[in-house]
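This report concerns only the one structure given below.
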Amino acid sequence: MAWEHIRPRADIFVGIPHRGQVSTAWAINMLHALSPYLSRVRLFTIQGHPIDVSRDVLVERALASGAEYIYFLDSDIYTEPDTLQRLRRHDLPIVTALYYRRHELPVTDEMLAYLPERSRPIVEAKRQVGMPIFTPAIWKDFTYTDEKGNKLRSFRPVLDGEFSPGELVEADAVPMGCCLIKTEVFRQLPRPWFYWTLGRYPAMLKDDPSYTIQVRQGAYGCSEDLYFSLVARRRGYRLLCDTSIFVRHESQVLVGGAGRADVIEA
């Protein structure tokens with residue numbers, strides 16, 4: 001395999017946050033996926049901290065090491081041996097592979113009304129027959145009105161049918177499960193780079209990037225990856241997803257393409 005896009009001493013820091021245990025299948029997959037170039041990257045794992053703290057520590061380690069990139073790889077994401085190489089080829093500040101959320105999307109009548117016209121029939125058909133609805137883990141800004149007429153700011157997943165598979169898609173928020181970021185980005189952004197604000201009261205979020213965001217009525221704030229996305233966009237960075245680089249997400253099964261549930265194997 002040619003690694004012309006990764007220098008002999010690659011300045012790529014692989015950061016893996018986890019909870020202290022990983023599945024055997026994931027460990028075998030990680031070994032298979034990273035073994036072609038373990039000598040070309042720095043690999044660091046961290047456990048026992050909240051996810052936002054873990055990601056900030058990993059970034060600090062990456063900056064201290066002098067790495068050019070940090071490659072976030074979550075301990076429930078299954079990749080291929082060429083995944084990192086293909087992300088690196090883009091030479092972009094922020095780029096992620098495509099994977100699907102491991103949790104089903106609860107679709108309400110109100111949500112259906114806000115979905116794009118071409119996506120609505122597909123989602124409605126799945127809902128009618130009780131088919132699980134898994135969505136890509138990339139998001140768009142979403143403003144909706146509650147029953148009291150209040151305008152609420154949130155995110156919604158980009159749905160199948162809203163992009164052509166294989167293209168580079170710009171999103172308003174991206175996940176960190178399989179994401180390559182130039183370390184220079186973090187030198188330009190204020191700290192904390194990642195911050196879990198979900199569940200906080202609005203008064204606690206005043207002047208914070210996630211202020212006014214409601215994931216649902218009465219639930220303010222956002223997860224650490226959405227927070228990073230908000231901060232990065234404020235500084236003018238584009239958030240891109242290469243939908244030709246498809247990786248899988250571990251749950252009780254592997255959530256694969258088009259929300260398909262696959263058997264876990266390594």
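Here's how to read the names in the structure tokens: chain A, B, ... by the order shown, residue numbers from 1 in each chain, ligand numbers from 1 in the order shown.
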Inset, instruction - Could you give me, as a PyMOL selection string, the residues within 9 Å of stretch 53-63 of chain A, counting only C-alpha atoms and dropping anything in the same chain fewer than 4 positions from it? - result: chain A and resi 12-18+42+44-49+67-70+72+183-184+186-187+191-196+224
Inset, instruction - From the DSSP assignment of the backbone, select every residue of stretch 134-234 of chain A that is strand (DSSP E or B), and format the answer as a ChimeraX atom specification. - result: /A:136,139-145,151-157,168-171,173,178-182,213-216,219-220
Write out the residues from the selection above, keeping C-alpha atoms, as a tab-separated table (two decimals), in the first residue's frame.
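Okay, result10.tsv is ready:
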```tsv
chain	number	residue	atom	x	y	z
A	136	PRO	CA	-26.04	9.90	9.23
A	139	TRP	CA	-26.08	17.73	11.22
A	140	LYS	CA	-27.72	20.86	9.87
A	141	ASP	CA	-28.89	23.91	11.77
A	142	PHE	CA	-32.55	23.53	12.65
A	143	THR	CA	-34.93	26.21	13.88
A	144	TYR	CA	-38.44	25.21	14.84
A	145	THR	CA	-41.44	26.65	16.64
A	151	LYS	CA	-38.49	29.93	18.00
A	152	LEU	CA	-36.07	27.24	19.15
A	153	ARG	CA	-32.56	26.69	17.78
A	154	SER	CA	-31.24	23.18	17.43
A	155	PHE	CA	-29.65	20.68	15.01
A	156	ARG	CA	-31.18	17.93	12.92
A	157	PRO	CA	-29.39	15.05	11.18
A	168	LEU	CA	-17.82	15.84	-0.08
A	169	VAL	CA	-20.64	17.32	1.99
A	170	GLU	CA	-20.49	20.48	4.08
A	171	ALA	CA	-22.38	20.22	7.36
A	173	ALA	CA	-21.95	20.10	12.78
A	178	CYS	CA	-13.56	9.31	12.87
A	179	CYS	CA	-12.39	12.85	12.24
A	180	LEU	CA	-9.06	14.29	11.04
A	181	ILE	CA	-8.28	17.85	12.16
A	182	LYS	CA	-5.20	19.99	11.60
A	213	ILE	CA	-29.64	25.75	21.63
A	214	GLN	CA	-32.36	23.31	22.64
A	215	VAL	CA	-32.05	19.71	21.58
A	216	ARG	CA	-35.67	19.39	22.65
A	219	ALA	CA	-33.31	20.68	27.29
A	220	TYR	CA	-30.59	23.26	26.61
```
Closest-contact table, stretch 58-158 of chain A side, partner stretch 226-248 of chain A, 9 Å, counting only C-alpha atoms, as a tab-separated table:
```
residue	atom	partner	partner_atom	distance
A:Asp76	CA	A:Arg248	CA	8.4
A:Ile77	CA	A:Arg248	CA	5.7
A:Tyr78	CA	A:Arg248	CA	5.0
A:Thr79	CA	A:Val247	CA	5.1
A:Glu80	CA	A:Val247	CA	7.4
A:Thr83	CA	A:Ile245	CA	6.7
A:Arg86	CA	A:Ile245	CA	7.5
A:Leu87	CA	A:Asp242	CA	7.8
A:Leu92	CA	A:Leu240	CA	8.5
A:Pro93	CA	A:Tyr237	CA	7.5
A:Ile94	CA	A:Leu239	CA	5.8
A:Val95	CA	A:Leu240	CA	4.9
A:Thr96	CA	A:Cys241	CA	4.7
A:Ala97	CA	A:Ile245	CA	5.2
A:Leu98	CA	A:Phe246	CA	4.9
A:Tyr99	CA	A:Val247	CA	5.3
A:Tyr100	CA	A:Arg248	CA	7.2
A:Ile138	CA	A:Cys241	CA	7.8
A:Trp139	CA	A:Leu226	CA	8.7
A:Phe155	CA	A:Leu226	CA	8.8
```
Store the residues of this selection in a file with N, CA and C atoms, as a tab-separated table (two decimals), in the first residue's frame.
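Printed below is selection-v4.tsv as written:
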```tsv
chain	number	residue	atom	x	y	z
A	76	ASP	N	-15.84	2.80	19.34
A	76	ASP	CA	-16.98	2.05	18.82
A	76	ASP	C	-17.15	2.27	17.32
A	77	ILE	N	-16.07	2.76	16.67
A	77	ILE	CA	-16.08	3.01	15.23
A	77	ILE	C	-15.15	2.03	14.53
A	78	TYR	N	-15.66	1.35	13.52
A	78	TYR	CA	-14.92	0.35	12.77
A	78	TYR	C	-14.47	0.96	11.44
A	79	THR	N	-13.17	1.02	11.22
A	79	THR	CA	-12.62	1.65	10.03
A	79	THR	C	-11.91	0.62	9.15
A	80	GLU	N	-11.35	1.12	8.03
A	80	GLU	CA	-10.60	0.28	7.10
A	80	GLU	C	-9.14	0.74	7.07
A	83	THR	N	-8.65	4.22	5.57
A	83	THR	CA	-9.49	5.33	6.02
A	83	THR	C	-8.69	6.59	6.31
A	86	ARG	N	-7.11	8.20	3.17
A	86	ARG	CA	-8.08	8.90	2.32
A	86	ARG	C	-8.52	10.23	2.92
A	87	LEU	N	-8.65	10.29	4.24
A	87	LEU	CA	-8.96	11.56	4.89
A	87	LEU	C	-7.79	12.54	4.72
A	92	LEU	N	-7.41	19.02	4.37
A	92	LEU	CA	-8.39	19.99	4.86
A	92	LEU	C	-8.22	20.23	6.36
A	93	PRO	N	-8.62	21.41	6.83
A	93	PRO	CA	-8.53	21.66	8.27
A	93	PRO	C	-9.37	20.69	9.10
A	94	ILE	N	-10.59	20.38	8.62
A	94	ILE	CA	-11.50	19.49	9.36
A	94	ILE	C	-12.23	18.62	8.35
A	95	VAL	N	-12.10	17.31	8.49
A	95	VAL	CA	-12.83	16.40	7.60
A	95	VAL	C	-13.13	15.11	8.35
A	96	THR	N	-14.32	14.60	8.15
A	96	THR	CA	-14.75	13.38	8.82
A	96	THR	C	-15.19	12.33	7.82
A	97	ALA	N	-15.09	11.08	8.23
A	97	ALA	CA	-15.70	9.99	7.46
A	97	ALA	C	-17.19	9.96	7.77
A	98	LEU	N	-17.94	9.21	6.99
A	98	LEU	CA	-19.38	9.09	7.19
A	98	LEU	C	-19.69	7.86	8.02
A	99	TYR	N	-20.49	8.05	9.06
A	99	TYR	CA	-21.07	6.91	9.75
A	99	TYR	C	-22.45	7.30	10.26
A	100	TYR	N	-23.22	6.28	10.63
A	100	TYR	CA	-24.59	6.49	11.08
A	100	TYR	C	-24.66	6.47	12.60
A	138	ILE	N	-24.12	13.50	10.78
A	138	ILE	CA	-23.75	14.88	10.43
A	138	ILE	C	-25.03	15.69	10.52
A	139	TRP	N	-24.90	16.96	10.87
A	139	TRP	CA	-26.08	17.73	11.22
A	139	TRP	C	-26.18	19.06	10.48
A	155	PHE	N	-30.25	21.35	16.16
A	155	PHE	CA	-29.65	20.68	15.01
A	155	PHE	C	-30.56	19.52	14.61
```
Inset, instruction - Tell me, as a ChimeraX atom specification, which residues lie within 10 Å of A:Ile122, counting only C-alpha atoms; anything in the same chain fewer than 3 positions away does not count. - result: /A:117-119,125-127,133,159-161
Inset, instruction - Work out how far atom CA of A:Gly177 is from atom CA of A:Pro116, in Å to one decimal. - result: 26.2 Å
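Of the residues under consideration (A:Ala27, A:Val107, A:Leu84, A:Met176), A:Leu84 shows the shortest atom-to-atom contact distance to A:Arg40 when counting only C-alpha atoms.
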Inset, instruction - Mind the document's chain letters and residue numbers, and return as a PyMOL selection string the residues of stretch 24-238 of chain A that DSSP labels helix (DSSP H, G or I). - result: chain A and resi 24-40+51-65+83-89+109-114+120-128+183-188+202-205+224-234
Any chance you can output those residues with C-alpha atoms as an mmCIF file, in the first residue's frame?
```cif
data_model
loop_
_atom_site.group_PDB
_atom_site.id
_atom_site.type_symbol
_atom_site.label_atom_id
_atom_site.label_comp_id
_atom_site.auth_asym_id
_atom_site.auth_seq_id
_atom_site.Cartn_x
_atom_site.Cartn_y
_atom_site.Cartn_z
ATOM 1 C CA THR A 24 -12.739 -7.671 21.271
ATOM 2 C CA ALA A 25 -14.162 -7.128 17.787
ATOM 3 C CA TRP A 26 -13.303 -3.412 17.898
ATOM 4 C CA ALA A 27 -9.766 -4.089 19.181
ATOM 5 C CA ILE A 28 -9.115 -6.512 16.330
ATOM 6 C CA ASN A 29 -10.535 -4.035 13.831
ATOM 7 C CA MET A 30 -8.379 -1.211 15.209
ATOM 8 C CA LEU A 31 -5.266 -3.375 14.951
ATOM 9 C CA HIS A 32 -6.157 -4.294 11.376
ATOM 10 C CA ALA A 33 -6.968 -0.716 10.405
ATOM 11 C CA LEU A 34 -3.918 0.985 11.956
ATOM 12 C CA SER A 35 -1.232 -1.679 11.646
ATOM 13 C CA PRO A 36 -0.115 -0.599 8.118
ATOM 14 C CA TYR A 37 1.237 2.642 9.549
ATOM 15 C CA LEU A 38 1.618 2.345 13.316
ATOM 16 C CA SER A 39 5.248 3.395 12.856
ATOM 17 C CA ARG A 40 4.070 6.540 11.106
ATOM 18 C CA ILE A 51 -15.721 12.919 27.007
ATOM 19 C CA ASP A 52 -15.179 16.673 26.623
ATOM 20 C CA VAL A 53 -12.260 16.619 29.078
ATOM 21 C CA SER A 54 -10.768 13.580 27.328
ATOM 22 C CA ARG A 55 -10.869 15.281 23.931
ATOM 23 C CA ASP A 56 -9.283 18.467 25.287
ATOM 24 C CA VAL A 57 -6.474 16.447 26.911
ATOM 25 C CA LEU A 58 -5.877 14.576 23.659
ATOM 26 C CA VAL A 59 -5.614 17.879 21.781
ATOM 27 C CA GLU A 60 -3.147 19.211 24.348
ATOM 28 C CA ARG A 61 -1.032 16.079 23.889
ATOM 29 C CA ALA A 62 -1.188 16.435 20.112
ATOM 30 C CA LEU A 63 -0.065 20.070 20.278
ATOM 31 C CA ALA A 64 2.744 19.231 22.698
ATOM 32 C CA SER A 65 3.951 16.467 20.374
ATOM 33 C CA THR A 83 -9.495 5.335 6.018
ATOM 34 C CA LEU A 84 -6.827 7.628 7.480
ATOM 35 C CA GLN A 85 -4.943 7.855 4.205
ATOM 36 C CA ARG A 86 -8.079 8.897 2.315
ATOM 37 C CA LEU A 87 -8.956 11.560 4.893
ATOM 38 C CA ARG A 88 -5.366 12.872 4.768
ATOM 39 C CA ARG A 89 -5.470 13.230 0.985
ATOM 40 C CA ASP A 109 -45.415 14.500 13.386
ATOM 41 C CA GLU A 110 -43.944 17.923 14.137
ATOM 42 C CA MET A 111 -40.496 16.831 12.954
ATOM 43 C CA LEU A 112 -41.891 15.401 9.727
ATOM 44 C CA ALA A 113 -43.291 18.801 8.844
ATOM 45 C CA TYR A 114 -39.767 20.278 8.895
ATOM 46 C CA ARG A 120 -40.101 13.038 4.107
ATOM 47 C CA PRO A 121 -41.739 10.103 2.217
ATOM 48 C CA ILE A 122 -38.813 7.780 3.013
ATOM 49 C CA VAL A 123 -38.873 8.608 6.714
ATOM 50 C CA GLU A 124 -42.667 8.410 6.870
ATOM 51 C CA ALA A 125 -42.718 5.009 5.137
ATOM 52 C CA LYS A 126 -40.182 3.585 7.617
ATOM 53 C CA ARG A 127 -42.130 4.997 10.536
ATOM 54 C CA GLN A 128 -45.407 3.529 9.328
ATOM 55 C CA THR A 183 -3.722 20.977 14.955
ATOM 56 C CA GLU A 184 -3.387 24.561 13.710
ATOM 57 C CA VAL A 185 -7.187 24.760 14.046
ATOM 58 C CA PHE A 186 -6.925 24.364 17.809
ATOM 59 C CA ARG A 187 -4.221 27.020 18.004
ATOM 60 C CA GLN A 188 -6.753 29.445 16.509
ATOM 61 C CA PRO A 202 -29.791 28.929 29.826
ATOM 62 C CA ALA A 203 -28.505 31.280 32.532
ATOM 63 C CA MET A 204 -25.393 29.086 32.828
ATOM 64 C CA LEU A 205 -24.760 29.343 29.106
ATOM 65 C CA GLU A 224 -18.984 18.231 22.947
ATOM 66 C CA ASP A 225 -18.723 17.541 19.202
ATOM 67 C CA LEU A 226 -21.551 19.932 18.376
ATOM 68 C CA TYR A 227 -19.923 22.505 20.664
ATOM 69 C CA PHE A 228 -16.627 22.214 18.787
ATOM 70 C CA SER A 229 -18.542 22.600 15.520
ATOM 71 C CA LEU A 230 -20.156 25.820 16.734
ATOM 72 C CA VAL A 231 -16.818 27.275 17.839
ATOM 73 C CA ALA A 232 -15.035 26.257 14.625
ATOM 74 C CA ARG A 233 -17.741 27.745 12.421
ATOM 75 C CA ARG A 234 -17.534 31.018 14.342
#
```
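The gap separating atom CA of A:Val22 from atom CA of A:Gly199 is 27.1 Å, in Å to one decimal.
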